[in-house]
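J.: This is the structure I want to talk about, given as structure tokens.
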Amino acid sequence: MDWISLLLVPAIKSLVVVVALLTGFAYLSYVERKLVARFQVRYGPNRAGPFGILQPISDALKMVFKEEIVPLNVDHVVYLLSPALTVMPALVIWAVIPVSGASFTLFGQTITPYVSDVNVGLLYILAIASLATYGIVLAGWSSNNKYSLLGALRTSSQMLSYELPMGITLVSVLLIAGSLSLVDIVQAQRGVWFALLQPIGFIIYFICGLAEAGRSPFDLPETENELVSGFATEYGGIKFALFFMGEYIHMITISALATTFFLGGWYGPFVNQIPVLGLVYFLIKVAFMIFLIVWIRASLPRIRYDKLMHFCWKFLLPLSLLNLVVTAVVLVLVG
Amino acid sequence: MTAVPTSWFLLLSAILFVIGAGGVLLRRNVLIMLMSVEMMMNAVNLTFIALSRHLSSLTGQIFVFMVMAVAAVEVAVGLAILIELNRLRATTDVDDVSSLKG
Amino acid sequence: MAQQLQQGLFLALAGVAVVAALGVIFNRNAVHSALSLLANFVALAMLYVLLNAQFIAIVQVAVYAGAIVVLFLFVVMLLGAGGEMQMGGWLNWRTAFIVAAALVLLTLTGTAVFEGTINGAIGTATPEQIAQVGQTEAVGTALFTDYLLPFELASVLLLVGMLGAVVLGQRWRGAIAGRPSGEAE
Amino acid sequence: MIIQSIWLAIAFPLAGLLFNGLLGRRLGRGVVGIVGPGTVALAFVVGLFAGLDLLALPAQDRAIVVTLWNWISVGSFRAGMSLLADPLSVLMVLVVTGVGFLIHVYSIGYMEHEEDRLYARFFTFLNLFIVSMLILVLADNYLLMYVGWELVGVCSYLLIGFWFRRGDDPQDPVRLKDGELVPVPANLNPADSGKKAFIVNRVGDFGFALGVFLIWTTFGTLNFADVFGAAPEIASGTVTVITLLLFVGAVGKSAQLPLYVWLPDAMAGPTPVSALIHAATMVTAGVYMVARSHALYALAPTTSLVVALVGVITALYAATIALVQTDLKRVLAYSTISQLGYMFLAVGVGAYASGMFHLTTHAFFKALLFLAAGSVMHALGDVIDIRRMGGLRQKMPRTYWTFVIGALALAGFPLTSGFFSKDEILAKAFEFSPILWALGLLTALLTGFYTFRALFVAFWGSARDQELFDHAHESPGVMTWPLILLAGLALFGGILGLPQILGVDHALAGWLHPAFADLEGEGAEAIHHGLSAGLEWGLLGLSSVIALLGIGLAYWFYVANPGWPADLAVRFKSVFKLLVNKYYVDDLYDLLFVDPGKALARFCAQGIDNAAIDGIIDGGARLIVQGGAWLGRLQTGFIRHYALAMFLGVIVVVAYFFLR
């Protein structure tokens with residue numbers, strides 16, 4: 001009885017989330033290719049199945065059946081470990097993201113719409129996000145390849161740098177919500193979305209999210225023209241697929257967090273009457289954020305690396321600090 | 001009430017501390033030594049947290065918080081010194097850096 | 001049930017922590033040592049959760065795993081010190097002495113842990129009480145009231161440490177006479 | 001009423017001091033030359049109006065205390081930053097600022113060859129002196145007076161040593177008729193002279209400070225009014241000790257026996273300084289202090305006798321030395337000492353108003369004489385030896401004539417200011433004791449003689465140093481006009497205090513009467529001598545005759561029979577040598593104080609400091625170095641060794657807790 005609620009239910013929920021994310025990743029790649037193609041006035045994948053809808057599956061099969069190549073002189077253990085380390089944090093973050101507002105009962109168990117609601121949720125996200133660096137750094141180092149190492153160092157310093165304004169922005173959110181729990185944060189947005197209370201914070205978060213996920217225009221880690229393929233140069237087959245997966249799941253995670261922190265999470269019209277709408281609203285908002293990210297990728301050119309770092313340290317960081325101070329002062333004044 | 005006895009944690013802490021100390025004493029690579037020092041600090045932190053629970057006091061946790069701040073500073077400065085050392089001597093071996101002797 | 005579960009969890013985590021700790025000091029490769037250190041830290045963080053100190057656990061992950069070990073890895077890569085290291089002769093009188101001393105210390109502390117009792121003033125921060133106000137709030141309140149001065153001092157220390165690291169890490173391109181510039185490149 | 005703002009008299013020179021000190025160097029000598037004298041002139045005007053305000057008050061109210069702020073307040077000890085404006089202090093203010101102003105103006109010309117930096121510095125110091133002197137004379141308590149007293153000492157030191165880079169000034173020996181050379185002691189260099197003045201003054205100041213302490217313990221206050229009011233109830237022995245201690249200070253400051261030695265050497269300073277500080281004002285501070293403390297001195301007849309004796313002996317003593325000096329400024333310096341002796345004679349016999357009168361007239365004619373001497377030096381390129389001068393009266397008529405007037409006043413030529421003031425002192429002395437009078441009269445004879453000796457040698461006859469003579473020229477107007485003004489004062493200053501028998505009021509005594517009114521009519525006695533009219537006429541006539549006799553002797557010796565002095569010198573060779581060497585007092589002091597002092601200092605430096613103290617420190621350092629070398633062997637340089645030590649320490653600590 002006890003172990004069901006303690007172990008089994010979370011395990012099943014985790015499984016659901018992971019499966020959903022893997023599927024989401026697969027179709028996200030499809031959607032992105034389609035969208036980018038449309039932006040570029042092309043058709044995109046349209047051979048496998050109607051509208052190319054089976055394209056992700058064929059891609060996956062191709063990846064899986066590729067020959068496993070492990071280059072000479074790599075650090076075996078680390079080389080094999082790093083793709084997994086890349087995917088893991090992005091998945092683990094989902095443990096605390098509430099996807100809907102309503103719990104429901106199944107087989108006598110009250111199922112909450114999140115794996116866990118820890119009271120240090122926001123800190124948890126920051127802590128886990130900071131672990132995302134490892135996969136990349138280790139991949140770059142273990143490949144025993146200059147391009148890989150440079151790409152890895154670039155990526156990790158980029159991620160570490162952009163973590164700062166992101167964290168500070170989230171502190172502003174935390175100040176308004178008054179809780180570290182993500183459920184509480186979403187509930188605090190019942191009336192007004194934090195995107196409206198924290199417009200600057202939202203924009204900073206979004207920019208930092210792009211950089212964290214290594215998305216265009218901050219996709220320096222994989223600048224083909226400079227670094228071949230960055231930290232992933234020496235990877236192929238399923239291992240490359242894992243990196244790929246990591247990036248896309250990261251993207252979804254960033255979008256989901258943006259939704260949770262700024263766009264009111266599951267809230268929307270009539271959500272109190274029809275609880276299941278919460279999940280729908282949540283997914284719509286996430287999809288919108290993902291669309292924004294793809295749109296930006298299709299529109300903006302890549303930024304030079306030094307400009308990227310300067311932008312972070314000399315503009316975003318002071319701006320986020322200012323935002324934090326203003327938020328705190330206003331909160332004190334308003335009460 | 002407490003499922004795991006405090007003494008278990010204390011013993012684990014002692015073991016980790018001794019291992020860390022052994023690392024400091026046995027290894028000659030400054031990096032490994034620094035890591036071992038960090039490990040020793042963590043062992044002490046574990047003691048603090050365990051006793052914090054045992055005594056129902058938050059002071060232990062606060063102490064750990066401060067230790068973490070100090071550890072962060074220590075690593076930052078220590079590694080900066082290490083890099084400078086590497087620039088000057090092209091080594092990370094502590095036994096190569098023994099010119100400060102009586 | 002929950003007790004066995006927790007004890008089992010403790011033993012597993014303790015095993016991970018000890019193995020990882022041994023890995024730190026016995027690995028020939030500094031990157032592997034750093035990874036072992038990471039494992040050690042994460043295991044400790046989980047032990048903190050077990051000790052009902054979630055806040056510290058998260059901070060542990062964020063600070064140690066998220067920052068300190070990354071810094072170690074960076075430096076390892078920067079210095080190119082990741083390669084195999086000469087471990088030197090292990091079996092000499094010095095090592096034996098150190099191991100013996102370590103065993104003595106371990107015996108002493110172990111005996112103390114199991115024979116002694118912990119006498120100390122019992123505070124008010126019982127798990128129930130903490131659960132009522134929330135873990136983070138409890139630590140935060142203590143930090144900003146009773147321990148405000150240490151907290152501020154810690155912030156100053158961090159600032160100074162940051163400046164120190166920046167200054168130390170700077171490349172002196174002959175800006176200061178007497179500083180080697182060329183050979184360091 | 002401007003008298004309530006008497007502090008302005010200090011504030012103006014203070015502003016000038018700050019201005020010149022901070023900006024003068026940058027603004028150039030034109031501005032400095034206006035600001036320096038201008039501020040002093042303003043102070044003089046303030047003093048003048050304050051005097052008029054005093055006159056407007058009823059006689060018994062002529063003492064205004066202006067408290068600026070509470071300076072020190074510790075326990076029962078109170079010292080206010082408060083000023084006392086009464087006829088006595090206002091007279092001093094007028095003398096200081098009036099003469100000071102003229103000397104400031106004169107300095108513009110005299111210092112014109114100095115570089116801008118020194119020029120500004122000189123005027124800064126001069127203003128500082130004016131400020132200090134005004135603090136001294138305006139103070140209403142002994143502590144503030146002591147502050148001024150020390151400050152003028154500092155100024156004196158700074159100004160004597162103004163040319164501190166110059167070396168010793170060697171003096172040509174005197175060639176006697178029989179061919180023997182009598183060596184003349186070399187003049188000290190300015191830096192050493194300054195030190196000498198300062199150190200000798202410290203001896204006197206020490207006594208003064210002790211006196212102030214004793215006043216404090218006796219009266220519980222330092223305020224003039226309170227002290228004087230309470231004085232009659234105090235045991236006369238205590239009062240005697242107090243007054244004697246205060247008089248020690250006066251002896252130092254006013255260069256009386258035995259602490260006079262610094263004043264001749266102070267002539268190493270620029271001549272305006274000699275005129276202002278070492279003739280007209282600062283050295284009279286002692287006289288002023290005694291006059292200010294007359295209520296105490298009147299209660300201590302023993303002290304008064306000592307004062308009078310010291311005064312008259314100093315007067316005679318200094319006059320004898322002045323007879324043979326070859327340095328024009330030194331002749332004047334010794335005459336200053338001598339005249340100060342007169343003033344002490346006056347205050348010693350209780351004739352405070354007469355002392356102040358002589359102080360005033362002396363300020364006029366001695367400043368005049370010094371400035372004229374300075375004019376000569378200016379003309380001759382700083383040559384001061386009268387043996388190289390001669391015939392200057394054709395070259396520098398204005399200087400010559402003003403010098404003549406000053407000399408006449410100094411010699412007590414009838415109807416000049418010096419005549420009246422000196423005669424008044426002599427009359428009072430005669431009344432007190434004919435012996436003192438006789439000594440004073442002898443001094444007056446010598447005064448006339450040495451003054452005109454200097455005059456005749458320097459200005460009459462033919463040029464002894466033709467090259468120098470050709471070089472000589474009259475000084476510019478900015479220097480001669482102050483001379484002419486001072487000459488006027490020296491000539492007619494006597495009308496301030498015409499004797500009663502001439503049928504006029506004694507103006508100065510009348511003015512000072514309110515300040516001395518507490519002396520039960522003694523102030524009035526300055527006007528009404530206890531002597532009969534006939535006796536007084538007789539003394540007056542005798543004084544005139546003596547003065548004329550002195551001048552005549554000088555003429556006889558140095559103009560009519562130029563060979564005689566040399567003959568006399570050969571005949572009384574030992575006396576002559578004694579006088580040239582100033583009775584060997586300086587050598588005696590060197591032997592008694594300076595050499596033992598130096599020996600002690602050498603002992604302290606080499607014996608105690610080098611050997612003992614440095615030995616302890618060096619030994620300690622060597623010990624630490626040795627110990628460090630031993631302990632340093634523990635520092636292997638291997639970090640692991642240190643870590644191991646720490647680890648073992650941990651084990652020990654744990655074991656301690658375990659086994660406890």
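Residues are named by chain letter and number: chains run A, B, ... in the order of the structure tokens, numbers start at 1 in each chain, and ligands are numbered from 1 in the order shown.
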With 8 Å as the cut-off and only C-alpha atoms counted, what is the closest atom pair between each nearby residue of chain C and chain D? Distances in Å to one decimal, ordered by chain and number, as a tab-separated table.
T.:
residue	atom	partner	partner_atom	distance
C:Ala101	CA	D:Leu648	CA	7.5
C:Val104	CA	D:Ile651	CA	7.7
C:Leu105	CA	D:Ile651	CA	5.7
C:Leu108	CA	D:Ala655	CA	6.8
C:Thr109	CA	D:Val654	CA	7.4
C:Ala112	CA	D:Phe658	CA	6.7
J.: Could you give me, as a CSV table (one decimal) with N, CA, C and O atoms, in the first residue's frame, the residues within 9 Å of A:Ile136, counting only C-alpha atoms and dropping anything in the same chain fewer than 2 positions from it?
T.:
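Now in out.csv:
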chain,number,residue,atom,x,y,z
A,82,SER,N,29.2,10.5,-21.7
A,82,SER,CA,28.8,11.9,-21.9
A,82,SER,C,27.5,12.1,-22.6
A,82,SER,O,26.7,13.0,-22.2
A,83,PRO,N,27.2,11.3,-23.7
A,83,PRO,CA,25.9,11.6,-24.3
A,83,PRO,C,24.7,11.4,-23.3
A,83,PRO,O,23.8,12.2,-23.3
A,85,LEU,N,24.9,11.8,-20.1
A,85,LEU,CA,24.9,12.9,-19.2
A,85,LEU,C,24.3,14.1,-19.8
A,85,LEU,O,23.8,15.0,-19.1
A,86,THR,N,24.3,14.2,-21.1
A,86,THR,CA,23.7,15.4,-21.7
A,86,THR,C,22.2,15.3,-21.7
A,86,THR,O,21.5,16.3,-21.4
A,132,ALA,N,24.0,20.3,-16.7
A,132,ALA,CA,23.9,20.0,-18.2
A,132,ALA,C,25.3,20.2,-18.8
A,132,ALA,O,25.5,19.7,-19.9
A,133,THR,N,26.1,21.0,-18.2
A,133,THR,CA,27.4,21.3,-18.8
A,133,THR,C,28.3,20.0,-18.9
A,133,THR,O,29.1,19.9,-19.8
A,134,TYR,N,28.1,19.1,-18.0
A,134,TYR,CA,29.0,18.0,-17.9
A,134,TYR,C,29.1,17.2,-19.2
A,134,TYR,O,30.2,16.9,-19.7
A,138,LEU,N,32.6,16.9,-21.1
A,138,LEU,CA,33.3,15.6,-21.1
A,138,LEU,C,33.3,15.0,-22.5
A,138,LEU,O,34.3,14.4,-22.9
A,139,ALA,N,32.3,15.2,-23.2
A,139,ALA,CA,32.3,14.8,-24.6
A,139,ALA,C,33.5,15.4,-25.4
A,139,ALA,O,34.2,14.7,-26.0
A,140,GLY,N,33.6,16.7,-25.2
A,140,GLY,CA,34.6,17.4,-25.9
A,140,GLY,C,36.0,16.9,-25.5
A,140,GLY,O,36.9,16.7,-26.3
A,141,TRP,N,36.2,16.7,-24.2
A,141,TRP,CA,37.5,16.3,-23.7
A,141,TRP,C,37.8,14.9,-24.1
A,141,TRP,O,38.9,14.6,-24.6
A,151,GLY,N,35.0,23.3,-28.9
A,151,GLY,CA,33.6,23.4,-28.9
A,151,GLY,C,33.0,23.2,-27.5
A,151,GLY,O,32.1,23.9,-27.1
A,152,ALA,N,33.6,22.2,-26.8
A,152,ALA,CA,33.1,21.9,-25.5
A,152,ALA,C,33.3,23.1,-24.6
A,152,ALA,O,32.5,23.5,-23.8
A,153,LEU,N,34.5,23.7,-24.6
A,153,LEU,CA,34.8,24.8,-23.7
A,153,LEU,C,34.0,26.0,-24.0
A,153,LEU,O,33.5,26.6,-23.1
A,155,THR,N,31.0,25.9,-25.4
A,155,THR,CA,29.6,25.6,-24.9
A,155,THR,C,29.5,25.8,-23.4
A,155,THR,O,28.6,26.4,-22.9
A,156,SER,N,30.4,25.2,-22.7
A,156,SER,CA,30.3,25.2,-21.3
A,156,SER,C,30.4,26.6,-20.8
A,156,SER,O,29.7,27.0,-19.9
A,231,PHE,N,31.6,19.8,-30.1
A,231,PHE,CA,31.9,18.7,-29.2
A,231,PHE,C,31.4,17.4,-29.8
A,231,PHE,O,31.8,16.3,-29.4
A,232,ALA,N,30.5,17.4,-30.7
A,232,ALA,CA,29.9,16.2,-31.2
A,232,ALA,C,30.6,15.6,-32.5
A,232,ALA,O,30.2,14.7,-33.1
A,243,PHE,N,22.9,13.2,-28.3
A,243,PHE,CA,23.2,14.6,-28.2
A,243,PHE,C,22.1,15.4,-28.8
A,243,PHE,O,21.6,16.4,-28.3
J.: I need the strand (DSSP E or B) residues of stretch 37-181 of chain A per DSSP on the backbone, written as JSON, numbers by chain.
T.: {"A": [104, 105, 106, 109, 110, 111]}
J.: Deliver the residues from the most recent selection as a file, using all heavy atoms, as a short mmCIF file (atom, residue, chain, number, x, y, z; two decimals), in the first residue's frame.
T.:
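Output file again-v9.cif follows:
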data_model
loop_
_atom_site.label_atom_id
_atom_site.label_comp_id
_atom_site.auth_asym_id
_atom_site.auth_seq_id
_atom_site.Cartn_x
_atom_site.Cartn_y
_atom_site.Cartn_z
N PHE A 104 -6.21 13.86 -10.29
CA PHE A 104 -7.33 12.96 -10.54
C PHE A 104 -7.06 11.63 -9.85
O PHE A 104 -5.93 11.35 -9.43
CB PHE A 104 -7.56 12.77 -12.04
CG PHE A 104 -6.35 12.31 -12.78
CD1 PHE A 104 -6.14 10.95 -13.01
CD2 PHE A 104 -5.41 13.23 -13.25
CE1 PHE A 104 -5.03 10.52 -13.69
CE2 PHE A 104 -4.29 12.80 -13.93
CZ PHE A 104 -4.09 11.45 -14.15
N THR A 105 -8.09 10.85 -9.72
CA THR A 105 -7.98 9.61 -8.97
C THR A 105 -8.04 8.42 -9.92
O THR A 105 -8.84 8.39 -10.84
CB THR A 105 -9.12 9.51 -7.95
OG1 THR A 105 -9.21 10.73 -7.26
CG2 THR A 105 -8.87 8.38 -6.97
N LEU A 106 -7.09 7.52 -9.71
CA LEU A 106 -7.04 6.35 -10.58
C LEU A 106 -6.70 5.15 -9.72
O LEU A 106 -5.73 5.19 -8.96
CB LEU A 106 -5.97 6.57 -11.65
CG LEU A 106 -6.05 5.68 -12.89
CD1 LEU A 106 -7.26 6.06 -13.75
CD2 LEU A 106 -4.77 5.83 -13.71
N GLN A 109 -5.76 5.76 -6.26
CA GLN A 109 -4.59 6.60 -5.97
C GLN A 109 -4.86 8.01 -6.49
O GLN A 109 -5.35 8.20 -7.59
CB GLN A 109 -3.36 6.05 -6.70
CG GLN A 109 -2.82 4.77 -6.11
CD GLN A 109 -2.09 5.01 -4.82
OE1 GLN A 109 -1.50 6.07 -4.64
NE2 GLN A 109 -2.13 4.05 -3.91
N THR A 110 -4.53 8.97 -5.65
CA THR A 110 -4.64 10.36 -6.12
C THR A 110 -3.40 10.69 -6.94
O THR A 110 -2.27 10.61 -6.44
CB THR A 110 -4.75 11.32 -4.93
OG1 THR A 110 -5.83 10.89 -4.12
CG2 THR A 110 -4.98 12.73 -5.41
N ILE A 111 -3.63 10.95 -8.20
CA ILE A 111 -2.50 11.21 -9.09
C ILE A 111 -2.37 12.72 -9.27
O ILE A 111 -3.28 13.38 -9.75
CB ILE A 111 -2.72 10.56 -10.46
CG1 ILE A 111 -3.13 9.11 -10.32
CG2 ILE A 111 -1.46 10.72 -11.30
CD1 ILE A 111 -2.06 8.19 -9.85
#
J.: Within 8 Å of chain A, which residues of chain C show up? Give each one with its shortest atom-to-atom distance in Å (one decimal) and the two atoms involved, counting only C-alpha atoms, rows by chain then rising residue number, as CSV.
T.:
residue,atom,partner,partner_atom,distance
C:Gln54,CA,A:Val120,CA,7.4
C:Phe55,CA,A:Val120,CA,6.6
C:Ile58,CA,A:Tyr124,CA,5.9
C:Val59,CA,A:Ala127,CA,7.3
C:Val61,CA,A:Ala127,CA,5.8
C:Ala62,CA,A:Ala127,CA,4.2
C:Val63,CA,A:Ala127,CA,8.0
C:Ala65,CA,A:Leu131,CA,6.9
C:Gly66,CA,A:Ser130,CA,4.8
C:Ala67,CA,A:Ser130,CA,7.6
C:Val70,CA,A:Tyr134,CA,7.3
C:Phe74,CA,A:Leu153,CA,7.8
C:Met77,CA,A:Trp141,CA,7.3
C:Gly134,CA,A:Asn119,CA,7.1
C:Gln135,CA,A:Asn119,CA,7.4
C:Thr136,CA,A:Val120,CA,6.9
J.: Counting only C-alpha atoms, a student should be able to say which residues of chain B come within 6 Å of chain C; what is the right answer, written as an NGL selection string?
T.: :B and (3-4 or 7 or 11 or 18 or 23 or 55-57 or 73 or 76-77 or 80 or 87-88)
J.: Include N, CA, C and O atoms and write out the residues we just selected as a PDB file, in the first residue's frame.
T.:
ATOM      1  N   ALA B   3      14.952   7.263  10.813  1.00  0.00           N
ATOM      2  CA  ALA B   3      15.103   5.926  10.248  1.00  0.00           C
ATOM      3  C   ALA B   3      16.549   5.471  10.256  1.00  0.00           C
ATOM      4  O   ALA B   3      16.848   4.332  10.556  1.00  0.00           O
ATOM      5  N   VAL B   4      17.450   6.428   9.938  1.00  0.00           N
ATOM      6  CA  VAL B   4      18.862   6.062   9.888  1.00  0.00           C
ATOM      7  C   VAL B   4      19.554   6.687  11.083  1.00  0.00           C
ATOM      8  O   VAL B   4      19.472   7.896  11.275  1.00  0.00           O
ATOM      9  N   SER B   7      24.717   7.937  14.100  1.00  0.00           N
ATOM     10  CA  SER B   7      26.081   7.413  14.164  1.00  0.00           C
ATOM     11  C   SER B   7      26.535   6.870  12.818  1.00  0.00           C
ATOM     12  O   SER B   7      27.705   6.927  12.475  1.00  0.00           O
ATOM     13  N   LEU B  11      29.975   7.975  11.105  1.00  0.00           N
ATOM     14  CA  LEU B  11      31.023   7.043  10.698  1.00  0.00           C
ATOM     15  C   LEU B  11      31.368   7.227   9.223  1.00  0.00           C
ATOM     16  O   LEU B  11      32.548   7.276   8.845  1.00  0.00           O
ATOM     17  N   VAL B  18      38.895  10.557   6.285  1.00  0.00           N
ATOM     18  CA  VAL B  18      40.196   9.883   6.266  1.00  0.00           C
ATOM     19  C   VAL B  18      40.636   9.632   4.835  1.00  0.00           C
ATOM     20  O   VAL B  18      41.810   9.808   4.483  1.00  0.00           O
ATOM     21  N   GLY B  23      44.196  11.230   0.464  1.00  0.00           N
ATOM     22  CA  GLY B  23      44.455  11.795  -0.855  1.00  0.00           C
ATOM     23  C   GLY B  23      45.410  12.962  -0.786  1.00  0.00           C
ATOM     24  O   GLY B  23      46.339  13.077  -1.584  1.00  0.00           O
ATOM     25  N   LEU B  55      20.170  17.222  16.679  1.00  0.00           N
ATOM     26  CA  LEU B  55      19.919  18.207  17.738  1.00  0.00           C
ATOM     27  C   LEU B  55      18.763  19.143  17.414  1.00  0.00           C
ATOM     28  O   LEU B  55      18.514  20.096  18.131  1.00  0.00           O
ATOM     29  N   SER B  56      18.096  18.868  16.297  1.00  0.00           N
ATOM     30  CA  SER B  56      16.982  19.737  15.894  1.00  0.00           C
ATOM     31  C   SER B  56      17.376  21.211  15.867  1.00  0.00           C
ATOM     32  O   SER B  56      16.685  22.066  16.388  1.00  0.00           O
ATOM     33  N   SER B  57      18.516  21.459  15.287  1.00  0.00           N
ATOM     34  CA  SER B  57      18.970  22.849  15.246  1.00  0.00           C
ATOM     35  C   SER B  57      19.393  23.173  13.823  1.00  0.00           C
ATOM     36  O   SER B  57      19.997  22.345  13.130  1.00  0.00           O
ATOM     37  N   VAL B  73      35.166  29.931  -2.695  1.00  0.00           N
ATOM     38  CA  VAL B  73      36.246  30.911  -2.797  1.00  0.00           C
ATOM     39  C   VAL B  73      37.588  30.205  -2.867  1.00  0.00           C
ATOM     40  O   VAL B  73      38.463  30.541  -3.675  1.00  0.00           O
ATOM     41  N   ALA B  76      38.169  28.743  -6.246  1.00  0.00           N
ATOM     42  CA  ALA B  76      38.415  29.767  -7.260  1.00  0.00           C
ATOM     43  C   ALA B  76      39.840  30.290  -7.140  1.00  0.00           C
ATOM     44  O   ALA B  76      40.605  30.304  -8.115  1.00  0.00           O
ATOM     45  N   VAL B  77      40.217  30.687  -5.937  1.00  0.00           N
ATOM     46  CA  VAL B  77      41.552  31.265  -5.755  1.00  0.00           C
ATOM     47  C   VAL B  77      42.615  30.193  -5.933  1.00  0.00           C
ATOM     48  O   VAL B  77      43.650  30.412  -6.572  1.00  0.00           O
ATOM     49  N   ALA B  80      43.124  29.472  -9.494  1.00  0.00           N
ATOM     50  CA  ALA B  80      43.804  30.595 -10.149  1.00  0.00           C
ATOM     51  C   ALA B  80      45.297  30.536  -9.850  1.00  0.00           C
ATOM     52  O   ALA B  80      46.143  30.713 -10.737  1.00  0.00           O
ATOM     53  N   ARG B  87      51.779  28.361 -15.339  1.00  0.00           N
ATOM     54  CA  ARG B  87      52.416  29.270 -16.284  1.00  0.00           C
ATOM     55  C   ARG B  87      53.892  29.442 -15.939  1.00  0.00           C
ATOM     56  O   ARG B  87      54.732  29.538 -16.820  1.00  0.00           O
ATOM     57  N   LEU B  88      54.157  29.519 -14.656  1.00  0.00           N
ATOM     58  CA  LEU B  88      55.540  29.794 -14.246  1.00  0.00           C
ATOM     59  C   LEU B  88      56.408  28.549 -14.319  1.00  0.00           C
ATOM     60  O   LEU B  88      57.544  28.604 -14.766  1.00  0.00           O
TER      61      LEU B  88
END
J.: Quick check for you: according to DSSP on this backbone, which residues of stretch 48-159 of chain C are classed as alpha helix (DSSP H)? Reply as a VMD selection string.
T.: chain C and resid 48 to 50 54 to 60 69 to 79 93 to 115 127 to 133 135 to 144 148 to 159
J.: For D:Lys196, please output as a list in words all residues within 10 Å (counting only C-alpha atoms; exclusion window: fewer than 6 positions along the same chain).
T.: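 Skipping anything fewer than 6 positions along the chain leaves Tyr157, Ile160, Leu188, Pro190, Arg202, Val261, Trp262, Leu263, Asp265 and Ala266 of chain D.
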J.: Would you mind exporting the chosen residues as a PDB file, in the first residue's frame, restricted to N, CA and C atoms?
T.:
ATOM      1  N   TYR D 157      62.620  82.285  16.258  1.00  0.00           N
ATOM      2  CA  TYR D 157      63.481  81.203  15.758  1.00  0.00           C
ATOM      3  C   TYR D 157      63.415  81.130  14.240  1.00  0.00           C
ATOM      4  N   ILE D 160      65.085  84.386  12.702  1.00  0.00           N
ATOM      5  CA  ILE D 160      66.543  84.462  12.849  1.00  0.00           C
ATOM      6  C   ILE D 160      67.190  83.510  11.868  1.00  0.00           C
ATOM      7  N   LEU D 188      77.676  83.655  14.687  1.00  0.00           N
ATOM      8  CA  LEU D 188      77.137  82.335  14.369  1.00  0.00           C
ATOM      9  C   LEU D 188      76.371  82.399  13.061  1.00  0.00           C
ATOM     10  N   PRO D 190      73.077  81.739  10.721  1.00  0.00           N
ATOM     11  CA  PRO D 190      71.673  81.979  11.109  1.00  0.00           C
ATOM     12  C   PRO D 190      71.009  80.765  11.733  1.00  0.00           C
ATOM     13  N   ARG D 202      64.015  78.891  25.950  1.00  0.00           N
ATOM     14  CA  ARG D 202      63.335  77.793  26.629  1.00  0.00           C
ATOM     15  C   ARG D 202      63.653  77.796  28.124  1.00  0.00           C
ATOM     16  N   VAL D 261      72.369  86.156  26.115  1.00  0.00           N
ATOM     17  CA  VAL D 261      73.350  85.806  25.092  1.00  0.00           C
ATOM     18  C   VAL D 261      72.771  85.577  23.713  1.00  0.00           C
ATOM     19  N   TRP D 262      71.480  85.268  23.674  1.00  0.00           N
ATOM     20  CA  TRP D 262      70.936  84.950  22.353  1.00  0.00           C
ATOM     21  C   TRP D 262      70.717  86.195  21.511  1.00  0.00           C
ATOM     22  N   LEU D 263      70.461  87.313  22.160  1.00  0.00           N
ATOM     23  CA  LEU D 263      70.031  88.487  21.391  1.00  0.00           C
ATOM     24  C   LEU D 263      71.103  88.990  20.428  1.00  0.00           C
ATOM     25  N   ASP D 265      73.369  87.359  18.911  1.00  0.00           N
ATOM     26  CA  ASP D 265      73.468  86.424  17.794  1.00  0.00           C
ATOM     27  C   ASP D 265      72.219  86.439  16.927  1.00  0.00           C
ATOM     28  N   ALA D 266      71.113  86.898  17.517  1.00  0.00           N
ATOM     29  CA  ALA D 266      69.892  86.972  16.731  1.00  0.00           C
ATOM     30  C   ALA D 266      70.030  87.954  15.582  1.00  0.00           C
TER      31      ALA D 266
END
J.: Please report the interatomic distance between atom CA of A:Ile293 and atom CA of A:Pro89 in Å with one decimal.
T.: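 We find that atom CA of A:Ile293 and atom CA of A:Pro89 lie 20.2 Å from each other.
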J.: Tell me which protein, DNA and RNA residues are within 6 Å of B:Val24, counting only C-alpha atoms, leaving out same-chain ones fewer than 2 positions away, and put them as a PyMOL selection string.
T.: chain B and resi 21-22+26-27+33+36
